[in-house]
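Source file: model-v7.cif. Holds: mmCIF, C-alpha atoms.
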```
data_run
loop_
_atom_site.group_PDB
_atom_site.id
_atom_site.type_symbol
_atom_site.label_atom_id
_atom_site.label_comp_id
_atom_site.auth_asym_id
_atom_site.auth_seq_id
_atom_site.Cartn_x
_atom_site.Cartn_y
_atom_site.Cartn_z
ATOM 1 C CA MET V 1 65.675 90.163 87.120
ATOM 2 C CA THR V 2 68.658 91.865 88.717
ATOM 3 C CA PRO V 3 71.645 89.598 88.151
ATOM 4 C CA LYS V 4 74.904 89.944 89.982
ATOM 5 C CA LEU V 5 77.809 91.746 88.370
ATOM 6 C CA ILE V 6 80.727 89.322 88.405
ATOM 7 C CA LEU V 7 84.292 90.505 87.883
ATOM 8 C CA THR V 8 86.924 88.028 86.807
ATOM 9 C CA GLY V 9 90.152 88.064 84.848
ATOM 10 C CA PHE V 10 93.873 87.604 85.181
ATOM 11 C CA MET V 11 95.755 88.752 88.272
ATOM 12 C CA ALA V 12 96.554 92.472 88.520
ATOM 13 C CA THR V 13 93.955 93.503 85.941
ATOM 14 C CA GLY V 14 92.078 95.653 88.472
ATOM 15 C CA LYS V 15 89.389 93.399 89.962
ATOM 16 C CA SER V 16 90.131 94.227 93.606
ATOM 17 C CA SER V 17 90.506 97.945 92.894
ATOM 18 C CA VAL V 18 87.457 98.464 90.704
ATOM 19 C CA GLY V 19 85.099 96.012 92.395
ATOM 20 C CA PRO V 20 84.464 98.047 95.562
ATOM 21 C CA LEU V 21 84.137 101.243 93.502
ATOM 22 C CA VAL V 22 81.549 99.695 91.172
ATOM 23 C CA ALA V 23 79.642 98.350 94.173
ATOM 24 C CA ARG V 24 79.628 101.798 95.838
ATOM 25 C CA ARG V 25 78.376 103.454 92.653
ATOM 26 C CA LEU V 26 75.562 100.919 92.329
ATOM 27 C CA GLY V 27 74.785 100.964 96.049
ATOM 28 C CA TRP V 28 75.334 97.207 96.184
ATOM 29 C CA GLU V 29 77.207 94.770 98.406
ATOM 30 C CA PHE V 30 80.752 93.841 97.315
ATOM 31 C CA VAL V 31 82.170 90.370 97.945
ATOM 32 C CA ASP V 32 85.650 89.137 97.020
ATOM 33 C CA VAL V 33 85.830 85.342 96.612
ATOM 34 C CA ASP V 34 89.498 85.234 97.640
ATOM 35 C CA ALA V 35 88.716 87.262 100.788
ATOM 36 C CA VAL V 36 85.958 84.781 101.677
ATOM 37 C CA ILE V 37 88.422 81.886 101.273
ATOM 38 C CA VAL V 38 91.073 83.631 103.391
ATOM 39 C CA ALA V 39 88.547 84.372 106.141
ATOM 40 C CA GLN V 40 87.294 80.786 106.229
ATOM 41 C CA ALA V 41 90.751 79.175 106.018
ATOM 42 C CA GLY V 42 92.381 81.585 108.458
ATOM 43 C CA LYS V 43 95.419 81.956 106.220
ATOM 44 C CA SER V 44 96.498 83.769 103.058
ATOM 45 C CA ILE V 45 96.038 82.372 99.552
ATOM 46 C CA ALA V 46 99.822 81.974 99.273
ATOM 47 C CA GLN V 47 99.870 80.017 102.550
ATOM 48 C CA ILE V 48 96.988 77.793 101.423
ATOM 49 C CA PHE V 49 98.952 76.968 98.255
ATOM 50 C CA ALA V 50 102.126 76.318 100.287
ATOM 51 C CA ASP V 51 100.465 74.194 102.977
ATOM 52 C CA HIS V 52 97.871 72.269 100.985
ATOM 53 C CA GLY V 53 98.526 72.750 97.257
ATOM 54 C CA GLU V 54 96.479 74.188 94.422
ATOM 55 C CA ALA V 55 93.903 71.378 94.319
ATOM 56 C CA HIS V 56 92.854 72.171 97.906
ATOM 57 C CA PHE V 57 92.619 75.886 97.106
ATOM 58 C CA ARG V 58 90.461 75.173 94.050
ATOM 59 C CA ARG V 59 88.101 73.086 96.196
ATOM 60 C CA LEU V 60 87.739 75.975 98.654
ATOM 61 C CA GLU V 61 87.172 78.296 95.693
ATOM 62 C CA ARG V 62 84.394 76.075 94.292
ATOM 63 C CA GLU V 63 82.704 76.000 97.689
ATOM 64 C CA ALA V 64 82.880 79.801 98.009
ATOM 65 C CA VAL V 65 81.521 80.348 94.483
ATOM 66 C CA ALA V 66 78.678 77.875 95.076
ATOM 67 C CA HIS V 67 77.769 79.641 98.315
ATOM 68 C CA LEU V 68 77.851 83.154 96.827
ATOM 69 C CA THR V 69 75.950 82.259 93.670
ATOM 70 C CA GLY V 70 73.403 80.279 95.677
ATOM 71 C CA ASP V 71 72.385 83.409 97.589
ATOM 72 C CA SER V 72 68.619 83.009 98.064
ATOM 73 C CA ARG V 73 67.996 86.559 99.274
ATOM 74 C CA ARG V 74 65.636 88.644 97.146
ATOM 75 C CA CYS V 75 65.790 92.324 96.253
ATOM 76 C CA PRO V 76 63.152 94.120 98.364
ATOM 77 C CA GLN V 77 62.239 96.386 95.436
ATOM 78 C CA CYS V 78 62.196 94.252 92.283
ATOM 79 C CA HIS V 79 61.931 90.880 94.071
ATOM 80 C CA GLY V 80 64.584 89.451 91.775
ATOM 81 C CA PRO V 81 67.884 87.970 92.987
ATOM 82 C CA HIS V 82 69.676 90.088 95.575
ATOM 83 C CA PRO V 83 72.006 92.446 93.676
ATOM 84 C CA GLY V 84 75.718 92.399 94.342
ATOM 85 C CA VAL V 85 79.202 92.682 92.881
ATOM 86 C CA ILE V 86 81.352 89.548 93.137
ATOM 87 C CA SER V 87 85.084 89.637 92.412
ATOM 88 C CA THR V 88 86.707 86.283 91.682
ATOM 89 C CA GLY V 89 90.229 84.952 91.523
ATOM 90 C CA GLY V 90 92.045 84.757 88.208
ATOM 91 C CA GLY V 91 91.617 81.015 87.768
ATOM 92 C CA VAL V 92 87.961 80.675 88.715
ATOM 93 C CA LEU V 93 86.625 80.197 85.168
ATOM 94 C CA LEU V 94 88.963 77.268 84.559
ATOM 95 C CA ASP V 95 86.505 75.178 86.572
ATOM 96 C CA GLU V 96 83.357 74.220 84.639
ATOM 97 C CA SER V 97 81.130 74.182 87.737
ATOM 98 C CA ASN V 98 82.306 77.680 88.740
ATOM 99 C CA CYS V 99 81.674 78.972 85.237
ATOM 100 C CA ALA V 100 78.165 77.490 85.115
ATOM 101 C CA ALA V 101 77.259 78.834 88.568
ATOM 102 C CA LEU V 102 78.553 82.326 87.781
ATOM 103 C CA LYS V 103 76.761 82.380 84.410
ATOM 104 C CA ARG V 104 73.477 81.537 86.151
ATOM 105 C CA ALA V 105 74.070 84.223 88.778
ATOM 106 C CA GLY V 106 74.719 87.193 86.525
ATOM 107 C CA VAL V 107 76.842 88.990 83.968
ATOM 108 C CA ILE V 108 80.525 88.001 83.897
ATOM 109 C CA VAL V 109 82.869 90.883 83.089
ATOM 110 C CA CYS V 110 86.427 89.727 82.442
ATOM 111 C CA LEU V 111 89.171 92.304 82.954
ATOM 112 C CA THR V 112 92.265 91.962 80.800
ATOM 113 C CA ALA V 113 95.568 93.806 80.456
ATOM 114 C CA ARG V 114 98.680 93.521 78.344
ATOM 115 C CA PRO V 115 101.271 91.097 79.812
ATOM 116 C CA GLU V 116 103.804 93.895 80.273
ATOM 117 C CA VAL V 117 101.258 95.954 82.220
ATOM 118 C CA VAL V 118 100.390 92.998 84.452
ATOM 119 C CA ALA V 119 104.100 92.336 85.079
ATOM 120 C CA ALA V 120 104.686 95.957 86.089
ATOM 121 C CA ARG V 121 101.670 95.919 88.415
ATOM 122 C CA VAL V 122 102.755 92.628 89.987
ATOM 123 C CA GLU V 123 106.271 93.962 90.553
ATOM 124 C CA ARG V 124 104.839 97.025 92.367
ATOM 125 C CA SER V 125 102.524 94.891 94.485
ATOM 126 C CA LYS V 126 103.537 93.333 97.784
ATOM 127 C CA ALA V 127 101.096 90.442 97.270
ATOM 128 C CA ARG V 128 102.603 87.001 96.793
ATOM 129 C CA ARG V 129 101.436 85.303 93.588
ATOM 130 C CA PRO V 130 101.934 81.526 93.941
ATOM 131 C CA LYS V 131 101.166 80.780 90.275
ATOM 132 C CA LEU V 132 103.979 83.070 89.109
ATOM 133 C CA THR V 133 106.680 81.173 90.978
ATOM 134 C CA GLU V 134 106.074 77.888 89.169
ATOM 135 C CA GLY V 135 108.499 76.781 86.458
ATOM 136 C CA GLY V 136 111.410 79.049 87.371
ATOM 137 C CA LYS V 137 110.639 81.492 84.551
ATOM 138 C CA SER V 138 110.761 85.269 84.502
ATOM 139 C CA THR V 139 107.640 87.021 85.741
ATOM 140 C CA LEU V 140 106.747 88.246 82.250
ATOM 141 C CA ALA V 141 107.317 84.834 80.641
ATOM 142 C CA ARG V 142 105.167 83.121 83.282
ATOM 143 C CA ILE V 143 102.401 85.723 82.886
ATOM 144 C CA LYS V 144 102.335 85.167 79.119
ATOM 145 C CA GLU V 145 102.257 81.400 79.623
ATOM 146 C CA LEU V 146 99.377 81.568 82.120
ATOM 147 C CA MET V 147 97.431 84.012 79.968
ATOM 148 C CA GLU V 148 97.686 81.656 77.021
ATOM 149 C CA GLU V 149 96.546 78.717 79.180
ATOM 150 C CA ARG V 150 93.535 80.674 80.451
ATOM 151 C CA ASP V 151 92.520 82.374 77.214
ATOM 152 C CA GLY V 152 89.758 79.867 76.468
ATOM 153 C CA ALA V 153 88.350 80.138 79.984
ATOM 154 C CA TYR V 154 88.274 83.938 79.874
ATOM 155 C CA ALA V 155 86.503 83.775 76.508
ATOM 156 C CA ARG V 156 83.498 82.340 78.395
ATOM 157 C CA ALA V 157 82.859 85.720 80.012
ATOM 158 C CA ASP V 158 80.004 87.857 78.698
ATOM 159 C CA VAL V 159 82.334 90.768 78.005
ATOM 160 C CA GLN V 160 86.047 91.582 78.211
ATOM 161 C CA ILE V 161 87.469 94.992 79.107
ATOM 162 C CA ASP V 162 91.153 95.900 78.732
ATOM 163 C CA SER V 163 92.233 97.830 81.828
ATOM 164 C CA SER V 164 95.794 98.513 80.605
ATOM 165 C CA ASP V 165 95.366 102.234 79.915
ATOM 166 C CA LEU V 166 92.394 103.063 82.142
ATOM 167 C CA SER V 167 92.217 104.762 85.517
ATOM 168 C CA VAL V 168 90.146 102.987 88.173
ATOM 169 C CA ASP V 169 87.329 105.518 87.610
ATOM 170 C CA GLN V 170 87.385 104.972 83.840
ATOM 171 C CA LEU V 171 87.398 101.211 84.348
ATOM 172 C CA ALA V 172 84.409 101.453 86.706
ATOM 173 C CA ASP V 173 82.548 103.472 84.047
ATOM 174 C CA GLN V 174 83.211 100.794 81.436
ATOM 175 C CA VAL V 175 82.283 97.919 83.740
ATOM 176 C CA ILE V 176 78.930 99.501 84.635
ATOM 177 C CA ALA V 177 78.243 100.355 80.984
ATOM 178 C CA ALA V 178 79.041 96.778 79.908
ATOM 179 C CA PHE V 179 76.745 95.410 82.598
ATOM 180 C CA ALA V 180 73.906 97.647 81.411
ATOM 181 C CA ALA V 181 74.601 96.792 77.764
ATOM 182 C CA HIS V 182 73.944 93.134 78.542
ATOM 183 C CA GLY V 183 70.366 93.948 79.398
ATOM 184 C CA ALA V 184 70.879 93.767 83.142
ATOM 185 C CA ARG V 185 68.336 95.770 85.085
ATOM 186 C CA ARG V 186 69.941 97.180 88.163
ATOM 187 C CA CYS V 187 68.454 98.302 91.428
ATOM 188 C CA VAL V 188 69.940 101.534 92.689
ATOM 189 C CA PRO V 189 69.458 103.411 95.942
ATOM 190 C CA SER V 190 66.983 106.268 96.011
ATOM 191 C CA ALA V 191 65.865 108.676 98.711
ATOM 192 C CA ASP V 192 63.038 106.362 99.728
ATOM 193 C CA GLY V 193 64.904 103.048 99.480
ATOM 194 C CA VAL V 194 65.787 101.063 96.389
ATOM 195 C CA ARG V 195 64.447 101.506 92.902
ATOM 196 C CA SER V 196 64.938 99.646 89.649
ATOM 197 C CA ALA V 197 66.778 101.288 86.764
#
```

Written as structure tokens, that's how I'd like the structure from this file.
Amino acid sequence: MTPKLILTGFMATGKSSVGPLVARRLGWEFVDVDAVIVAQAGKSIAQIFADHGEAHFRRLEREAVAHLTGDSRRCPQCHGPHPGVISTGGGVLLDESNCAALKRAGVIVCLTARPEVVAARVERSKARRPKLTEGGKSTLARIKELMEERDGAYARADVQIDSSDLSVDQLADQVIAAFAAHGARRCVPSADGVRSA
């Protein structure tokens, strides 16, 4: 079996940066759940939150996760599930159905980072983070609060990797190593197509 490699974790822990790199190294398809939602809704995540609220966004997220984990394609080489790297939003594991679907689909690697590191990354980013504006607290205080709320959900992942002090290349190395350490056979490109490793 070739399960999917699923990246999750708190915002600004490196999912969007490392996901495409890991997929390139493995020779696999990369899919970002948030990008799928944005494409289908025709508006940004921040705009979905503003126009329709979080409950609507979470419904769209469940639908996207169900679709991606229900991929019926087979690997042409090993005939197992079609390999791929899926990056999810930071709150995806809070939903039991998402967690169950992702667990069935593959190995869940949760990226973490120290609150201060996340705050610095968020401040440098131009992306709007709707969850950080709730409650009128400082960015760091809100990050700590959300991390505490989500700690139990993130503990459901198969492995956690702290990205605080890692370059994107180092993080990719650790993600791939963690995936392999969980007994996942992976199909990789070869000169004559795809082979199993």

Applied to the shown file, which residues does the PyMOL selection byres ((chain V and resi 117) around 10) return, written as a PDB file with C-alpha atoms, keeping the file's coordinate frame?
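Wrote it out as out-v3.pdb, contents follow:
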```pdb
ATOM      1  CA  ALA V  12      96.554  92.472  88.520  1.00  0.00           C
ATOM      2  CA  THR V  13      93.955  93.503  85.941  1.00  0.00           C
ATOM      3  CA  THR V 112      92.265  91.962  80.800  1.00  0.00           C
ATOM      4  CA  ALA V 113      95.568  93.806  80.456  1.00  0.00           C
ATOM      5  CA  ARG V 114      98.680  93.521  78.344  1.00  0.00           C
ATOM      6  CA  PRO V 115     101.271  91.097  79.812  1.00  0.00           C
ATOM      7  CA  GLU V 116     103.804  93.895  80.273  1.00  0.00           C
ATOM      8  CA  VAL V 118     100.390  92.998  84.452  1.00  0.00           C
ATOM      9  CA  ALA V 119     104.100  92.336  85.079  1.00  0.00           C
ATOM     10  CA  ALA V 120     104.686  95.957  86.089  1.00  0.00           C
ATOM     11  CA  ARG V 121     101.670  95.919  88.415  1.00  0.00           C
ATOM     12  CA  VAL V 122     102.755  92.628  89.987  1.00  0.00           C
ATOM     13  CA  GLU V 123     106.271  93.962  90.553  1.00  0.00           C
ATOM     14  CA  LEU V 140     106.747  88.246  82.250  1.00  0.00           C
ATOM     15  CA  SER V 163      92.233  97.830  81.828  1.00  0.00           C
ATOM     16  CA  SER V 164      95.794  98.513  80.605  1.00  0.00           C
ATOM     17  CA  ASP V 165      95.366 102.234  79.915  1.00  0.00           C
TER      18      ASP V 165
END
```

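Between Gly27 (chain V) and the candidates V:Ala180, V:Leu93, V:Val85, V:Val168, the tightest atom-to-atom separation, counting only C-alpha atoms, involves V:Val85.
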
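Between CA of Pro20 (chain V) and CA of Leu102 (chain V) lies a distance of 18.5 Å.
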
| request: In the coordinates of the file, take the point (94.0, 81.4, 85.3) and a cut-off of 9 Å; then, counting all atoms listed in the file, name each qualifying protein, DNA or RNA residue as a PyMOL selection string. | output: chain V and resi 9-11+89-94+131+146-147+149-151+153-154

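One distance worth recording is that between CA of Asp32 (chain V) and CA of Thr88 (chain V), which is 6.1 Å.
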
| field | Val33 (chain V) surroundings by only C-alpha atoms, 12 Å radius, close-in-sequence under 4 positions cut, as an MDAnalysis selection string | value | chainID V and resid 6:8 15:16 19 37:40 45 57:58 60:69 85:92 98 102

| said: I'd like the neighbourhood of Glu145 (chain V) as a PyMOL selection string, where a residue qualifies if any of its atoms comes within 10 Å (using only C-alpha atoms), though same-chain residues fewer than 6 positions away should be ignored. | reply: chain V and resi 115+132+137+139

| task | Just give me the gap between CA of Gly136 (chain V) and CA of Gln47 (chain V) in Å, one decimal is fine. | result |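 For CA of Gly136 (chain V) relative to CA of Gln47 (chain V), the distance reads 19.1 Å.
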
| request: Kindly indicate which residue among V:Gly106, V:Glu29, V:Ile161, V:Arg59 lies nearest to Ala41 (chain V), using all atoms listed in the file for the distances. | output: V:Arg59

| task | Choose the residue, out of V:Arg73, V:Val175, V:Arg129, V:Gln160, that has the smallest atom-to-atom separation from Phe49 (chain V); count all atoms listed in the file. | result |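 Checking each of V:Arg73, V:Val175, V:Arg129, V:Gln160 against Phe49 (chain V), counting all atoms listed in the file, the winner is V:Arg129.
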
| Between V:Ala127, V:Ala101, V:Cys110, V:Ala141, which is the closest to Phe179 (chain V) once you count only C-alpha atoms? |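 Closest to Phe179 (chain V), using only C-alpha atoms: V:Cys110.
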
| Nearest to Arg25 (chain V) by atom-to-atom distance, counting all atoms listed in the file, from V:Thr133, V:Lys43, V:Gly84, V:Leu111 | V:Gly84

| Around (74.7, 94.1, 77.7) in the file's own coordinates, what residues are found within 12 Å if you use all atoms listed in the file, given back as a PyMOL selection string? | chain V and resi 3+5+106-109+157-160+174-186

Any chance you could export the current selection's C-alpha atoms as a JSON list (two decimals), in the frame of the given file?
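Generated output (selection_37.json):
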```json
[["chain", "number", "residue", "atom", "x", "y", "z"],
["V", 3, "PRO", "CA", 71.64, 89.60, 88.15],
["V", 5, "LEU", "CA", 77.81, 91.75, 88.37],
["V", 106, "GLY", "CA", 74.72, 87.19, 86.52],
["V", 107, "VAL", "CA", 76.84, 88.99, 83.97],
["V", 108, "ILE", "CA", 80.53, 88.00, 83.90],
["V", 109, "VAL", "CA", 82.87, 90.88, 83.09],
["V", 157, "ALA", "CA", 82.86, 85.72, 80.01],
["V", 158, "ASP", "CA", 80.00, 87.86, 78.70],
["V", 159, "VAL", "CA", 82.33, 90.77, 78.00],
["V", 160, "GLN", "CA", 86.05, 91.58, 78.21],
["V", 174, "GLN", "CA", 83.21, 100.79, 81.44],
["V", 175, "VAL", "CA", 82.28, 97.92, 83.74],
["V", 176, "ILE", "CA", 78.93, 99.50, 84.64],
["V", 177, "ALA", "CA", 78.24, 100.36, 80.98],
["V", 178, "ALA", "CA", 79.04, 96.78, 79.91],
["V", 179, "PHE", "CA", 76.74, 95.41, 82.60],
["V", 180, "ALA", "CA", 73.91, 97.65, 81.41],
["V", 181, "ALA", "CA", 74.60, 96.79, 77.76],
["V", 182, "HIS", "CA", 73.94, 93.13, 78.54],
["V", 183, "GLY", "CA", 70.37, 93.95, 79.40],
["V", 184, "ALA", "CA", 70.88, 93.77, 83.14],
["V", 185, "ARG", "CA", 68.34, 95.77, 85.08],
["V", 186, "ARG", "CA", 69.94, 97.18, 88.16]]
```

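Using only C-alpha atoms, the smallest distance between any of V:Leu26, V:Ala100, V:Val31, V:Ile143 and Ala172 (chain V) comes from V:Leu26.
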